$ cat coords-v5.txt   # compact mmCIF, C-alpha atoms
# COMPACT_ATOMS: atom_id res chain seq x y z
CA MET T 248 1.17 12.98 19.42
CA SER T 249 -2.37 11.67 19.09
CA GLU T 250 -5.62 13.62 19.17
CA SER T 251 -7.48 10.42 20.00
CA ASN T 252 -6.55 7.55 22.25
CA LEU T 253 -5.84 4.90 19.65
CA GLN T 254 -5.30 2.06 22.12
CA GLU T 255 -8.60 2.88 23.83
CA GLU T 256 -10.42 2.92 20.50
CA GLN T 257 -8.80 -0.33 19.36
CA ALA T 258 -9.35 -2.23 22.62
CA PRO T 259 -12.98 -3.27 21.96
CA LEU T 260 -12.09 -4.23 18.39
CA LYS T 261 -9.19 -6.40 19.54
CA GLU T 262 -11.43 -8.06 22.12
CA ARG T 263 -14.13 -8.70 19.52
CA TYR T 264 -11.61 -10.14 17.05
CA GLU T 265 -10.11 -12.39 19.72
CA GLU T 266 -13.57 -13.72 20.59
CA ASN T 267 -14.63 -14.13 16.98
CA PRO T 268 -11.64 -14.27 14.57
CA GLU T 269 -13.93 -14.38 11.51
CA GLU T 270 -15.02 -10.79 12.25
CA ALA T 271 -11.42 -9.66 11.72
CA ARG T 272 -11.37 -10.97 8.15
CA ILE T 273 -12.16 -8.23 5.64
CA THR T 274 -11.94 -7.88 1.89
CA LEU T 275 -10.78 -4.63 0.36
CA SER T 276 -11.45 -4.01 -3.29
CA ALA T 277 -10.77 -1.52 -6.04
CA THR T 278 -12.27 -1.12 -9.49
CA GLY T 279 -10.64 0.34 -12.56
CA GLU T 280 -12.69 2.16 -15.18
CA GLU T 281 -11.45 3.40 -18.53
CA GLN T 282 -11.61 7.03 -19.55
CA ALA T 283 -11.89 8.70 -22.96
CA ASP T 284 -8.08 8.92 -23.13
CA VAL T 285 -6.58 5.42 -23.36
CA ARG T 286 -3.68 6.69 -21.23
CA SER T 287 -5.81 7.24 -18.10
CA CYS T 288 -8.32 5.51 -15.85
CA ASN T 289 -10.20 5.99 -12.61
CA VAL T 290 -9.65 3.70 -9.64
CA ASP T 291 -12.58 3.46 -7.25
CA ILE T 292 -11.87 2.07 -3.78
CA GLY T 293 -15.42 2.56 -2.55
CA ARG T 294 -14.60 5.54 -0.34
CA ALA T 295 -12.69 7.61 -2.89
CA VAL T 296 -11.90 7.69 -6.60
CA TYR T 297 -8.34 8.24 -7.79
CA GLU T 298 -7.18 9.07 -11.30
CA ALA T 299 -4.27 7.11 -12.68
CA GLU T 300 -2.46 7.44 -15.94
CA LEU T 301 0.43 5.99 -17.84
CA HIS T 302 3.79 7.37 -16.76
CA GLU T 303 5.14 10.16 -18.91
CA GLY T 304 8.00 7.84 -19.89
CA ALA T 305 5.40 5.51 -21.45
CA ALA T 306 3.64 8.33 -23.36
CA GLY T 307 1.33 9.29 -20.48
CA PRO T 308 0.30 12.91 -20.04
CA GLY T 309 2.53 13.38 -16.99
CA THR T 310 -0.11 15.30 -15.06
CA GLY T 311 -1.20 12.62 -12.57
CA ALA T 312 -0.10 9.57 -10.66
CA CYS T 313 0.95 6.46 -12.52
CA SER T 314 0.26 3.03 -11.05
CA GLY T 315 3.83 2.85 -9.75
CA ASP T 316 3.29 6.13 -7.89
CA LEU T 317 0.13 4.67 -6.35
CA LEU T 318 1.97 1.52 -5.24
CA LEU T 319 4.79 3.53 -3.66
CA GLY T 320 2.22 5.89 -2.14
CA ALA T 321 0.37 2.96 -0.60
CA LEU T 322 3.62 1.80 1.03
CA ALA T 323 4.41 5.32 2.26
CA ALA T 324 0.92 5.72 3.74
CA CYS T 325 0.90 2.30 5.39
CA ALA T 326 4.39 2.64 6.86
CA GLN T 327 3.64 6.17 8.05
CA LEU T 328 0.36 5.22 9.75
CA THR T 329 1.77 2.02 11.24
CA ALA T 330 4.85 3.79 12.62
CA GLN T 331 2.66 6.54 14.09
CA ALA T 332 0.42 3.96 15.77
CA VAL T 333 3.39 2.02 17.14
CA ALA T 334 5.04 5.21 18.44
CA ASP T 335 1.73 6.15 20.06
CA ALA T 336 1.53 2.74 21.74
CA PHE T 337 4.99 3.33 23.22
CA ASP T 338 3.99 6.87 24.17
CA ALA T 339 7.02 8.10 22.21
CA ASP T 340 7.00 11.85 21.66
CA VAL T 341 8.44 11.77 18.15
CA SER T 342 7.69 13.06 14.69
CA ILE T 343 7.80 10.48 11.90
CA GLY T 344 8.18 10.90 8.16
CA THR T 345 8.39 8.31 5.39
CA GLU T 346 9.80 8.48 1.90
CA VAL T 347 9.48 5.66 -0.62
CA SER T 348 11.26 5.43 -3.95
CA GLY T 349 11.60 2.68 -6.49
CA ASP T 350 13.61 1.90 -9.60
CA LEU T 351 12.23 0.35 -12.74
CA ASP T 352 13.24 0.15 -16.38
CA LEU T 353 10.44 1.22 -18.71
CA ARG T 354 11.83 -0.96 -21.50
CA GLY T 355 10.35 -3.96 -19.66
CA THR T 356 6.79 -2.69 -19.39
CA MET T 357 6.87 -1.28 -22.94
CA GLY T 358 7.95 -4.64 -24.39
CA ILE T 359 11.17 -3.31 -25.86
CA ASP T 360 13.50 -5.85 -24.30
CA ARG T 361 12.20 -9.20 -22.99
CA ASP T 362 15.27 -9.56 -20.77
CA VAL T 363 14.36 -6.42 -18.82
CA PRO T 364 12.06 -7.19 -15.88
CA VAL T 365 8.60 -5.63 -15.78
CA GLY T 366 8.05 -3.86 -12.50
CA PHE T 367 10.15 -2.43 -9.74
CA GLU T 368 13.64 -3.85 -9.46
CA GLU T 369 14.24 -2.17 -6.11
CA ILE T 370 12.06 -0.28 -3.62
CA ARG T 371 13.47 1.81 -0.79
CA LEU T 372 11.52 2.78 2.33
CA ASP T 373 13.20 5.52 4.34
CA VAL T 374 11.69 6.35 7.73
CA THR T 375 12.87 9.39 9.68
CA VAL T 376 12.10 9.59 13.39
CA ASP T 377 12.72 12.96 14.99
CA GLY T 378 12.67 13.36 18.75
CA GLU T 379 14.01 11.86 21.94
CA ILE T 380 13.75 8.07 21.80
CA ASP T 381 15.88 5.49 23.58
CA GLU T 382 17.56 2.67 21.66
CA GLU T 383 15.21 -0.04 22.92
CA THR T 384 12.09 1.89 21.90
CA ALA T 385 13.68 2.81 18.56
CA ALA T 386 14.39 -0.86 17.85
CA ALA T 387 10.83 -1.82 18.83
CA LEU T 388 9.41 0.97 16.65
CA GLN T 389 11.24 -0.40 13.62
CA GLU T 390 10.46 -4.05 14.41
CA TYR T 391 6.74 -3.54 14.98
CA THR T 392 6.29 -1.13 12.08
CA GLU T 393 7.86 -3.64 9.69
CA ARG T 394 5.88 -6.50 11.27
CA TYR T 395 2.44 -4.85 11.17
CA CYS T 396 2.56 -2.66 8.04
CA VAL T 397 0.17 -4.44 5.65
CA VAL T 398 1.64 -3.09 2.40
CA TYR T 399 5.23 -3.68 3.53
CA ARG T 400 4.45 -7.28 4.54
CA THR T 401 2.58 -7.86 1.26
CA LEU T 402 5.60 -6.73 -0.76
CA VAL T 403 8.06 -8.72 1.37
CA GLU T 404 5.94 -11.89 1.42
CA SER T 405 4.04 -11.78 -1.86
CA PRO T 406 0.63 -13.44 -1.55
CA GLU T 407 -0.85 -15.78 -4.10
CA LEU T 408 -2.36 -13.75 -6.91
CA GLU T 409 -5.37 -15.13 -8.71
CA THR T 410 -6.39 -13.72 -12.06
CA ALA T 411 -9.75 -14.15 -13.78
CA TRP T 412 -10.61 -12.86 -17.24
CA ARG T 413 -14.11 -12.67 -18.67
CA PHE T 414 -14.69 -11.81 -22.30
CA GLU T 415 -18.21 -10.54 -22.86
CA ARG T 416 -19.40 -10.15 -26.38
CA ASP T 417 -22.46 -8.36 -27.63
CA GLU T 418 -25.06 -10.71 -29.07
CA ASP T 419 -25.55 -8.31 -32.01
CA ASP T 420 -21.99 -8.71 -33.30
$ encode --input "coords-v5.txt" --output "C-alpha cells"
Amino acid sequence: MSESNLQEEQAPLKERYEENPEEARITLSATGEEQADVRSCNVDIGRAVYEAELHEGAAGPGTGACSGDLLLGALAACAQLTAQAVADAFDADVSIGTEVSGDLDLRGTMGIDRDVPVGFEEIRLDVTVDGEIDEETAAALQEYTERYCVVYRTLVESPELETAWRFERDEDD
C-alpha cells in the first residue's frame, strides 16, 4: 500500500515528541486576501494558495470552491490520509476512499430568515474500504481513524474560537 515506510519515518518524530512535548506543538495558519471581484478571495496556507468564492446559490460565479467545499474537502483529505496511515500501520492490504457531504440552508447565511441556522446542519463522512480485512482490524481502522483525524475531531469537539478585529484607518481621511 505504501511507497514509504510510514512507521519508520514517524518513529524518530514520536521519540522526539515524547522526550520534548513542546516540539509537538505547532500552529497552522491561513490568510485570506480579497480579489477584484467581491465574490472571490485567495486563501494562502503558506505552502499553497487556493481560490475561494461565494457559492453559486449566494450569487457566486460557480466556477470554484466555496468555503463549504473547502471545509468538506479538508475533512475528506484528513479522513482519507488518517485511514490510509492506520491501515498501513495494521499492514492491511486495502484500498480506501472517502466521500463527505453536508447540508445547509442558504437562507441562513444570506440573512433571509433568522430562524434558519448559518452553517452546516448535517455533515456525512462515508468511508469505503475495499479488500480483505478481518472484523477486528476493520473495527480498529474505524476507531483509530475517527480518534486521530484532526479535522474530524475538531468538528466533533469544537475548540474555543477566538476572534480579533482591527479597524485601521488612513490618517488622511
$ closest_residue --input "coords-v5.txt" --among "T:Ser348, T:Ser342, T:Thr329, T:Thr310" --to "Arg400 in chain T" --atoms "only C-alpha atoms"
T:Thr329
$ residues_around --input "coords-v5.txt" --residues "Cys396 in chain T" --least-positions-apart "3" --cutoff "7 Å" --atoms "only C-alpha atoms" --output "list in words"
Cys325, Ala326, Thr329, Thr392, Glu393, Tyr399 and Arg400 of chain T
$ closest_residue --input "coords-v5.txt" --among "T:Val290, T:Ala258, T:Leu317, T:Leu253" --to "Ala336 in chain T" --atoms "all atoms listed in the file"
T:Leu253
$ atom_distance --input "coords-v5.txt" --atom1 "CA of Ala387 in chain T" --atom2 "CA of Gln327 in chain T"
15.2 Å
$ closest_residue --input "coords-v5.txt" --among "T:Val403, T:Val341, T:Leu408, T:Ile359" --to "Leu388 in chain T" --atoms "all atoms listed in the file"
T:Val341
$ atom_distance --input "coords-v5.txt" --atom1 "CA of Glu346 in chain T" --atom2 "CA of Gln331 in chain T"
14.3 Å
$ closest_residue --input "coords-v5.txt" --among "T:Glu265, T:Glu369, T:Glu409, T:Glu298" --to "Asp350 in chain T" --atoms "all atoms listed in the file"
T:Glu369
$ closest_residue --input "coords-v5.txt" --among "T:Gly344, T:Ala271, T:Gly304, T:Gly309" --to "Ala324 in chain T" --atoms "only C-alpha atoms"
T:Gly344
$ residues_around --input "coords-v5.txt" --residues "range 285-287 of chain T" --least-positions-apart "5" --cutoff "8 Å" --atoms "all atoms listed in the file" --output "ChimeraX atom specification"
/T:298-301,306-308
$ atom_distance --input "coords-v5.txt" --atom1 "CA of Thr375 in chain T" --atom2 "CA of Ala334 in chain T"
12.5 Å
$ closest_residue --input "coords-v5.txt" --among "T:Leu275, T:Leu351, T:Glu390, T:Glu255" --to "Ile370 in chain T" --atoms "all atoms listed in the file"
T:Leu351
$ residues_near_point --input "coords-v5.txt" --point "(7.8, 15.3, 19.8)" --cutoff "10 Å" --atoms "all atoms listed in the file" --output "JSON, numbers by chain"
{"T": [248, 339, 340, 341, 342, 343, 376, 377, 378, 379, 380]}
$ residues_around --input "coords-v5.txt" --residues "Ala295 in chain T" --least-positions-apart "4" --cutoff "12 Å" --atoms "only C-alpha atoms" --output "list in words"
Ser276, Ala277, Thr278, Asn289, Val290 and Asp291 of chain T
$ axis_aligned_box --input "coords-v5.txt" --around "range 304-313 of chain T" --padding-each-side "4 Å" --output "lines of an AutoDock Vina configuration file"
center_x = 3.4
center_y = 10.4
center_z = -17.0
size_x = 17.2
size_y = 17.8
size_z = 20.7
